[in-house]
Structures are given as C-alpha cells and as structure tokens.
>>> print(open('entry.txt').read())   # compact mmCIF, C-alpha atoms
# COMPACT_ATOMS: atom_id res chain seq x y z
CA MET A 1 27.94 -46.25 -4.27
CA SER A 2 26.79 -48.93 -1.84
CA LEU A 3 25.30 -52.19 -3.06
CA SER A 4 22.49 -53.82 -1.15
CA PRO A 5 22.94 -57.60 -0.96
CA ILE A 6 19.61 -57.85 0.86
CA THR A 7 17.65 -57.20 -2.34
CA ALA A 8 19.88 -59.33 -4.59
CA PRO A 9 18.41 -62.71 -5.54
CA THR A 10 20.31 -65.83 -4.59
CA PRO A 11 22.17 -67.67 -7.40
CA GLU A 12 19.66 -70.53 -7.11
CA ALA A 13 16.80 -68.13 -7.94
CA ILE A 14 18.23 -67.12 -11.35
CA PRO A 15 16.55 -69.26 -14.03
CA PHE A 16 18.39 -71.04 -16.82
CA LEU A 17 17.20 -70.11 -20.30
CA SER A 18 17.83 -71.58 -23.73
CA TRP A 19 18.60 -69.97 -27.09
CA LYS A 20 18.85 -71.75 -30.41
CA TRP A 21 22.09 -71.06 -32.33
CA ARG A 22 22.77 -72.72 -35.69
CA GLY A 23 20.33 -75.43 -34.68
CA PHE A 24 21.98 -76.10 -31.31
CA ASP A 25 20.64 -75.34 -27.83
CA ILE A 26 22.67 -72.75 -25.93
CA GLY A 27 22.22 -72.23 -22.19
CA TYR A 28 22.36 -68.80 -20.56
CA GLN A 29 21.22 -66.77 -17.57
CA THR A 30 20.22 -63.13 -17.30
CA LEU A 31 19.42 -60.68 -14.53
CA GLY A 32 19.07 -56.91 -14.12
CA ASP A 33 16.84 -54.27 -15.70
CA ARG A 34 19.00 -51.14 -15.87
CA GLY A 35 22.50 -49.99 -16.70
CA PRO A 36 24.96 -51.16 -19.36
CA ALA A 37 24.72 -54.57 -21.01
CA VAL A 38 27.37 -57.01 -19.75
CA VAL A 39 27.98 -60.54 -21.04
CA LEU A 40 30.07 -62.97 -18.96
CA VAL A 41 32.19 -65.58 -20.78
CA HIS A 42 33.54 -68.57 -18.82
CA GLY A 43 36.82 -70.46 -19.20
CA PHE A 44 37.67 -74.01 -20.30
CA GLY A 45 35.62 -76.70 -18.58
CA ALA A 46 33.49 -74.11 -16.79
CA SER A 47 30.03 -72.64 -17.41
CA THR A 48 27.66 -69.83 -16.46
CA GLN A 49 27.74 -71.31 -12.95
CA HIS A 50 31.28 -70.03 -12.51
CA TRP A 51 29.71 -66.54 -12.33
CA ARG A 52 27.00 -67.48 -9.83
CA LYS A 53 28.53 -65.29 -7.09
CA ASN A 54 28.87 -62.28 -9.40
CA ILE A 55 25.61 -62.12 -11.35
CA PRO A 56 23.31 -60.99 -8.46
CA VAL A 57 25.69 -58.18 -7.44
CA LEU A 58 26.45 -56.98 -10.97
CA ALA A 59 22.74 -56.99 -11.76
CA GLN A 60 22.15 -54.20 -9.23
CA THR A 61 23.82 -51.74 -11.61
CA CYS A 62 23.98 -53.60 -14.95
CA ARG A 63 21.90 -55.81 -17.22
CA VAL A 64 23.82 -59.06 -17.03
CA TRP A 65 23.93 -62.14 -19.25
CA ALA A 66 26.10 -65.22 -18.70
CA ILE A 67 26.38 -67.66 -21.58
CA ASP A 68 27.54 -71.27 -21.92
CA CYS A 69 29.86 -71.47 -24.91
CA ILE A 70 28.91 -74.32 -27.22
CA GLY A 71 30.48 -77.53 -25.93
CA PHE A 72 30.25 -76.49 -22.27
CA GLY A 73 27.75 -76.18 -19.44
CA ARG A 74 24.12 -76.55 -20.46
CA SER A 75 24.87 -75.90 -24.13
CA ALA A 76 24.88 -78.60 -26.81
CA LYS A 77 28.04 -80.59 -27.39
CA PRO A 78 28.02 -81.43 -31.11
CA THR A 79 30.64 -83.73 -32.59
CA PRO A 80 33.97 -81.96 -33.25
CA GLY A 81 35.03 -81.88 -36.88
CA LEU A 82 31.69 -83.18 -38.12
CA GLU A 83 29.08 -80.81 -36.76
CA ILE A 84 31.27 -77.95 -35.55
CA GLU A 85 34.85 -76.80 -34.95
CA TYR A 86 35.74 -75.82 -31.41
CA THR A 87 37.81 -72.71 -32.05
CA PHE A 88 37.88 -69.11 -30.85
CA GLU A 89 36.37 -68.08 -34.17
CA THR A 90 33.37 -70.35 -33.48
CA TRP A 91 32.87 -69.12 -29.93
CA SER A 92 33.31 -65.47 -30.91
CA ALA A 93 30.67 -65.87 -33.64
CA GLN A 94 28.33 -67.40 -31.05
CA ILE A 95 28.92 -64.44 -28.70
CA ALA A 96 28.32 -61.88 -31.47
CA ASP A 97 25.09 -63.59 -32.57
CA PHE A 98 23.97 -63.73 -28.94
CA CYS A 99 24.52 -59.97 -28.60
CA ARG A 100 22.59 -59.40 -31.82
CA GLU A 101 19.67 -61.79 -31.26
CA VAL A 102 19.24 -61.92 -27.48
CA VAL A 103 20.80 -58.81 -25.93
CA GLY A 104 19.96 -56.59 -28.90
CA GLU A 105 22.80 -54.11 -28.49
CA ALA A 106 26.57 -53.72 -28.11
CA VAL A 107 27.92 -55.04 -24.80
CA PHE A 108 30.83 -55.11 -22.43
CA LEU A 109 32.38 -58.60 -22.40
CA VAL A 110 33.91 -60.03 -19.23
CA GLY A 111 35.98 -63.20 -19.58
CA ASN A 112 38.04 -65.57 -17.48
CA SER A 113 40.94 -67.67 -18.82
CA ILE A 114 40.17 -68.76 -22.41
CA GLY A 115 36.99 -66.73 -22.10
CA CYS A 116 39.23 -63.65 -22.37
CA VAL A 117 40.58 -64.87 -25.71
CA THR A 118 37.03 -65.56 -26.91
CA ALA A 119 35.97 -62.06 -25.83
CA MET A 120 38.90 -60.39 -27.61
CA GLN A 121 38.28 -62.45 -30.76
CA ALA A 122 34.65 -61.30 -30.70
CA ALA A 123 35.74 -57.67 -30.35
CA VAL A 124 38.22 -57.99 -33.22
CA SER A 125 35.88 -59.88 -35.56
CA TYR A 126 32.62 -58.13 -34.64
CA PRO A 127 33.62 -54.66 -33.37
CA ASP A 128 30.10 -53.23 -33.68
CA TRP A 129 28.89 -55.50 -30.89
CA VAL A 130 31.62 -55.00 -28.27
CA LEU A 131 32.09 -51.76 -26.30
CA GLY A 132 34.92 -53.01 -24.09
CA VAL A 133 36.54 -56.13 -22.65
CA VAL A 134 37.39 -57.01 -19.04
CA GLN A 135 39.87 -59.85 -18.63
CA LEU A 136 40.37 -62.00 -15.53
CA ASN A 137 43.58 -64.06 -15.72
CA CYS A 138 43.65 -64.40 -19.50
CA SER A 139 44.94 -67.67 -20.92
CA LEU A 140 48.45 -67.16 -22.30
CA ARG A 141 47.99 -70.22 -24.56
CA LEU A 142 51.38 -71.61 -23.51
CA LEU A 143 50.78 -74.85 -25.47
CA HIS A 144 50.22 -73.01 -28.75
CA ASP A 145 52.34 -74.31 -31.65
CA ARG A 146 54.19 -71.02 -31.97
CA ARG A 147 54.93 -70.93 -28.22
CA ARG A 148 56.50 -74.39 -28.38
CA GLU A 149 58.95 -73.30 -31.06
CA GLN A 150 60.84 -71.42 -28.36
CA GLN A 151 60.90 -74.31 -25.88
CA PRO A 152 63.43 -77.16 -25.44
CA TRP A 153 63.07 -79.85 -28.09
CA LEU A 154 61.75 -82.40 -25.57
CA LYS A 155 58.77 -80.15 -24.82
CA GLN A 156 58.34 -79.42 -28.51
CA ILE A 157 57.69 -83.07 -29.29
CA GLY A 158 56.06 -84.11 -26.00
CA ALA A 159 52.82 -82.14 -26.28
CA PRO A 160 52.10 -83.07 -29.93
CA LEU A 161 52.71 -86.72 -29.08
CA LEU A 162 50.20 -86.57 -26.22
CA GLN A 163 47.70 -84.77 -28.46
CA LYS A 164 48.04 -87.48 -31.09
CA MET A 165 47.49 -90.21 -28.50
CA LEU A 166 44.35 -88.46 -27.21
CA SER A 167 42.95 -88.38 -30.75
CA VAL A 168 42.50 -92.15 -30.48
CA LYS A 169 38.93 -92.26 -29.19
CA ALA A 170 39.43 -95.05 -26.65
CA ILE A 171 42.51 -93.36 -25.19
CA GLY A 172 40.83 -89.95 -25.14
CA GLN A 173 37.76 -91.33 -23.39
CA PHE A 174 39.89 -93.21 -20.85
CA PHE A 175 41.93 -90.08 -20.09
CA PHE A 176 38.77 -87.97 -19.74
CA ASP A 177 37.12 -90.53 -17.45
CA ARG A 178 40.16 -90.44 -15.15
CA LEU A 179 40.00 -86.65 -15.00
CA ALA A 180 36.23 -86.30 -14.54
CA THR A 181 36.12 -87.57 -10.97
CA PRO A 182 35.50 -85.58 -7.78
CA ALA A 183 38.94 -86.39 -6.38
CA THR A 184 40.82 -85.32 -9.53
CA VAL A 185 38.75 -82.17 -10.04
CA ARG A 186 39.32 -81.20 -6.40
CA LYS A 187 43.07 -81.69 -6.82
CA ILE A 188 43.15 -79.53 -9.95
CA LEU A 189 41.07 -76.78 -8.34
CA LEU A 190 43.25 -76.76 -5.22
CA GLN A 191 46.15 -76.03 -7.53
CA ALA A 192 44.32 -73.27 -9.41
CA TYR A 193 42.72 -71.64 -6.33
CA LYS A 194 44.88 -70.01 -3.68
CA ARG A 195 42.06 -70.06 -1.11
CA ALA A 196 41.48 -73.74 -0.40
CA ASP A 197 38.23 -73.11 1.48
CA THR A 198 36.56 -71.92 -1.76
CA VAL A 199 37.03 -75.36 -3.36
CA THR A 200 33.72 -76.74 -2.15
CA ASP A 201 31.69 -79.83 -2.98
CA GLU A 202 29.19 -77.50 -4.68
CA LEU A 203 31.87 -76.14 -7.03
CA ILE A 204 33.13 -79.61 -7.90
CA ASP A 205 29.61 -80.80 -8.66
CA LEU A 206 28.94 -77.75 -10.87
CA ILE A 207 31.99 -78.62 -12.95
CA LEU A 208 31.26 -82.34 -13.13
CA GLN A 209 27.58 -82.09 -14.11
CA PRO A 210 28.22 -81.04 -17.75
CA ALA A 211 31.08 -83.54 -17.96
CA ARG A 212 28.51 -86.32 -17.77
CA ASP A 213 26.77 -85.14 -20.96
CA THR A 214 27.11 -87.14 -24.16
CA GLY A 215 29.89 -85.64 -26.23
CA ALA A 216 31.68 -83.94 -23.32
CA ALA A 217 34.77 -86.14 -23.71
CA ASP A 218 35.01 -85.38 -27.43
CA VAL A 219 34.86 -81.63 -26.75
CA PHE A 220 37.58 -81.95 -24.11
CA VAL A 221 39.87 -83.83 -26.46
CA ALA A 222 39.16 -81.44 -29.34
CA PHE A 223 40.18 -78.40 -27.33
CA THR A 224 43.18 -80.19 -25.81
CA ARG A 225 44.41 -80.76 -29.37
CA TYR A 226 43.69 -77.16 -30.43
CA SER A 227 47.13 -75.52 -30.55
CA GLN A 228 46.44 -73.11 -33.36
CA GLY A 229 44.34 -69.97 -33.69
CA PRO A 230 45.14 -66.56 -32.21
CA LEU A 231 47.61 -65.75 -29.46
CA PRO A 232 46.20 -63.24 -26.95
CA GLU A 233 48.82 -60.61 -27.67
CA GLU A 234 47.97 -60.75 -31.37
CA LEU A 235 44.36 -59.94 -30.51
CA LEU A 236 45.43 -57.22 -28.07
CA ASP A 237 47.39 -55.57 -30.84
CA ARG A 238 44.24 -55.43 -33.00
CA LEU A 239 41.67 -54.75 -30.27
CA PRO A 240 39.33 -51.95 -31.41
CA CYS A 241 38.00 -51.19 -27.91
CA PRO A 242 39.50 -50.59 -24.45
CA THR A 243 40.33 -53.49 -22.16
CA LEU A 244 40.84 -53.76 -18.41
CA ILE A 245 43.03 -56.63 -17.18
CA LEU A 246 42.83 -58.14 -13.69
CA TRP A 247 45.20 -60.92 -12.63
CA GLY A 248 45.41 -63.11 -9.54
CA THR A 249 49.03 -62.93 -8.39
CA ASP A 250 49.10 -66.58 -7.32
CA ASP A 251 47.91 -68.09 -10.62
CA PRO A 252 50.06 -71.23 -11.14
CA TRP A 253 49.03 -71.64 -14.80
CA GLU A 254 49.23 -68.13 -16.25
CA PRO A 255 52.22 -66.26 -14.74
CA ILE A 256 51.37 -62.67 -13.89
CA ALA A 257 54.83 -61.54 -14.99
CA LEU A 258 53.95 -62.42 -18.57
CA GLY A 259 50.57 -60.73 -18.26
CA ARG A 260 52.14 -57.49 -17.03
CA GLU A 261 53.98 -57.19 -20.33
CA TRP A 262 50.63 -56.52 -22.01
CA THR A 263 50.47 -53.01 -20.56
CA ARG A 264 52.46 -51.91 -23.62
CA PHE A 265 49.39 -52.36 -25.82
CA GLU A 266 47.40 -49.22 -26.51
CA ALA A 267 44.04 -50.90 -25.80
CA VAL A 268 44.99 -51.75 -22.19
CA GLU A 269 43.51 -49.09 -19.91
CA ASP A 270 44.75 -50.61 -16.67
CA PHE A 271 46.36 -53.74 -15.24
CA ILE A 272 45.22 -54.62 -11.73
CA PRO A 273 46.98 -57.36 -9.70
CA LEU A 274 44.77 -59.23 -7.24
CA ASP A 275 46.96 -60.28 -4.33
CA GLY A 276 46.56 -63.75 -2.86
CA VAL A 277 44.22 -64.97 -5.58
CA GLY A 278 44.63 -67.73 -8.15
CA HIS A 279 43.33 -68.43 -11.66
CA CYS A 280 39.60 -67.79 -11.18
CA PRO A 281 39.20 -64.54 -9.21
CA GLN A 282 35.47 -64.21 -9.93
CA ASP A 283 34.75 -67.40 -7.98
CA GLU A 284 37.61 -67.46 -5.50
CA ALA A 285 37.41 -63.80 -4.45
CA PRO A 286 34.12 -62.36 -5.78
CA GLU A 287 34.38 -59.40 -3.41
>>> encode(input="entry.txt", output="structure tokens")
Amino acid sequence: MSLSPITAPTPEAIPFLSWKWRGFDIGYQTLGDRGPAVVLVHGFGASTQHWRKNIPVLAQTCRVWAIDCIGFGRSAKPTPGLEIEYTFETWSAQIADFCREVVGEAVFLVGNSIGCVTAMQAAVSYPDWVLGVVQLNCSLRLLHDRRREQQPWLKQIGAPLLQKMLSVKAIGQFFFDRLATPATVRKILLQAYKRADTVTDELIDLILQPARDTGAADVFVAFTRYSQGPLPEELLDRLPCPTLILWGTDDPWEPIALGREWTRFEAVEDFIPLDGVGHCPQDEAPE
C-alpha cells in the first residue's frame, strides 16, 4: 500500500476540539473518515501535539483521535487532591469515557511513555472499549516504590526525600519554574532524542505552552510524587487484548534490555526495536 502525502492535511490544518468530562474541558483532535478507530495517548508533559507528524498519515487509512489527558495540553488542570487525583486509574477512565461518548466504539490505543501505561490500564479496566494496544517506549516506572526496594539504600531514601520537598508549594513552584524554560526543555529533549536536529524551536514551544497554564506546576508536582499504582508488567500480565511493542534502541530513560523481557507475556504479539531512535519515536522518527 502506498500513502499519498499530497492529499494529507498539514498538522496546522487539524482543528482542536473540546469535550466535557466530569465537568472539565478536555482537548482533542480527530481526522480520517474510514478504517479502524485509533486513539493516540501522549506521555508525561506532552500533548496531542506530540502526534502532529503522525495524525495526517494515519488518517489516510484509519479514523484517528488524539486526546490530551487531564492535566496536560489543552485539557483542564484541576487541583490535585481536591478536584481530582492524577493517577493511571483516572486517565484510563477518561480514555474509556472518551471512547464511549466521542468515538462511539471500541478502539486501538497507541501510547508513548506513560501513555502506554494509561492505555494498558484502560484495556484492563475497560476491556470492552479496547481492541488492542500499541506501545512506543513504555515507561518502566523506575521510581515506583516497589522498584526502589531493590535499589541501594541511598537511592531508596533520596527520591522520597525529594518528593517530600517538592510537596512544599513554594519549593515545587520554584523547581517547576526552573524546568519550564526553553533552555532547560531543550537540554532534556536533547537527552531523550537521539536525532538532535528534531529538537526544534517549534517542539520546545509546543511543550512550554501548556506549562504556562494555571495549575500546570501543581500537576507536575503531583505526578512527580506519584510512585504508586500499577507497574507495566503487572498490566501486561492481565492484558485482555494483544499488544505490539516498539522501542527506540537509544532511549536513555527506559532501557530497551528491560523492555525486551516483556516478550514472555502472552499478550505481546511482537517486539520491534527501532535503531538509532530515542524515547519518543513518533516525533523523532515518524517515518
């Protein structure tokens, strides 16, 4: 099959839409009028815009939706602990309701990083709405409480201490403000992306725009302190649908060697290494 990029709309031409979920505004995009229903789920600190290079091409053969998980992108950022809990259970419920109320049928979920965990949680908790899961460099959740039990004692106490410090609002806001700058974001992305030329001013601006929203710092701190919930392999063991795993071989955050071990799970149909690519293959190497 050959795809025709000539007829595909540019990312800028895809409108942003809004859906009301539990009283909160949720941002999303959609494109395509034929083929299977596919919902794209971004990673931490990202948004629907992280799929901007993929949506026009996928929409030639699929009906595509990309959604901003609550707390990110163009979606509302309600106060953690008071208005909402930022957990995989919350995000998976949002995804399932989106499939029910907006898409109107069961879908294939495609996730990147923590978006993979969200997608698997949705499949486990709401199996009627998920046909299959595609994972791009799934988060291993290396800072999870149960992961730290196997680490040296210094690391066991270091992360909880930092999390406790960040819970002090002034400290958390200060830390977030130091991170949410073009220079710092560029430095982080150059670590995550193997291809330096894909770390553009456009990408940095797309990430920083939602960071300027009221409540963005509180969401960041809330997730930074979230060391509980499911581990990905626990969800894989319970996954009721098939999953395809793709992994950039040069991911500095989620070692591919650990990801390869997941081929032992029955739900895993295939594990595909992507040579010379980092943590976000869909943006770094959309081809």
>>> residues_around(input="entry.txt", residues="A:Trp253", least_positions_apart="5", cutoff="10 Å", atoms="only C-alpha atoms", output="ChimeraX atom specification")
/A:113,137,139-142,191-192,278-279
>>> atom_distance(input="entry.txt", atom1="atom CA of A:Trp21", atom2="atom CA of A:Gln60")
28.6 Å
>>> atom_distance(input="entry.txt", atom1="atom CA of A:Val41", atom2="atom CA of A:Glu261")
23.4 Å
>>> residues_around(input="entry.txt", residues="A:Leu244", least_positions_apart="4", cutoff="8 Å", atoms="all atoms listed in the file", output="PyMOL selection string")
chain A and resi 133-135+268-271
>>> closest_residue(input="entry.txt", among="A:Met120, A:Leu179, A:Ile188, A:Cys62", to="A:Ala267", atoms="only C-alpha atoms")
A:Met120
>>> closest_residue(input="entry.txt", among="A:Ser227, A:Gln94, A:Thr118, A:Ser18", to="A:His42", atoms="only C-alpha atoms")
A:Thr118
>>> atom_distance(input="entry.txt", atom1="atom CA of A:Thr48", atom2="atom CA of A:Glu234")
26.8 Å
>>> closest_residue(input="entry.txt", among="A:Asp213, A:Glu101, A:Asp237, A:Asp197", to="A:Lys77", atoms="all atoms listed in the file")
A:Asp213
>>> residues_around(input="entry.txt", residues="A:Ser75", least_positions_apart="2", cutoff="10 Å", atoms="only C-alpha atoms", output="list in words")
Ser18, Trp19, Lys20, Trp21, Phe24, Asp25, Ile26, Gly27, Tyr28, Ser47, Ile67, Asp68, Cys69, Ile70, Gly71, Phe72, Gly73, Lys77, Pro78, Pro210 and Asp213 of chain A
>>> residues_around(input="entry.txt", residues="A:Val103", least_positions_apart="4", cutoff="12 Å", atoms="all atoms listed in the file", output="list in words")
Trp19, Tyr28, Gln29, Thr30, Leu31, Asp33, Pro36, Ala37, Val38, Val39, Arg63, Val64, Trp65, Ala66, Ile67, Ile95, Ala96, Asp97, Phe98, Cys99, Val107, Phe108, Trp129 and Val130 of chain A
>>> residues_around(input="entry.txt", residues="A:Gly81", least_positions_apart="3", cutoff="12 Å", atoms="only C-alpha atoms", output="short mmCIF file (atom, residue, chain, number, x, y, z; two decimals) with C-alpha atoms, in the frame of the given file")
data_model
loop_
_atom_site.label_atom_id
_atom_site.label_comp_id
_atom_site.auth_asym_id
_atom_site.auth_seq_id
_atom_site.Cartn_x
_atom_site.Cartn_y
_atom_site.Cartn_z
CA LYS A 77 28.04 -80.59 -27.39
CA PRO A 78 28.02 -81.43 -31.11
CA ILE A 84 31.27 -77.95 -35.55
CA GLU A 85 34.85 -76.80 -34.95
CA TYR A 86 35.74 -75.82 -31.41
CA THR A 87 37.81 -72.71 -32.05
CA SER A 167 42.95 -88.38 -30.75
CA ASP A 218 35.01 -85.38 -27.43
CA VAL A 219 34.86 -81.63 -26.75
CA VAL A 221 39.87 -83.83 -26.46
CA ALA A 222 39.16 -81.44 -29.34
CA PHE A 223 40.18 -78.40 -27.33
CA TYR A 226 43.69 -77.16 -30.43
#
>>> closest_residue(input="entry.txt", among="A:Ser92, A:Thr181, A:Gln228, A:Thr79", to="A:Arg212", atoms="all atoms listed in the file")
A:Thr181
>>> closest_residue(input="entry.txt", among="A:Gly35, A:Ala59, A:Val110, A:Ala46", to="A:Ile14", atoms="all atoms listed in the file")
A:Ala59
>>> axis_aligned_box(input="entry.txt", around="stretch 246-254 of chain A", padding_each_side="5 Å", output="JSON")
{"center_x": 46.4, "center_y": -64.9, "center_z": -11.8, "size_x": 17.2, "size_y": 23.5, "size_z": 18.9}
>>> closest_residue(input="entry.txt", among="A:Leu40, A:Val199, A:Ala217, A:Asp251", to="A:Gly111", atoms="only C-alpha atoms")
A:Leu40
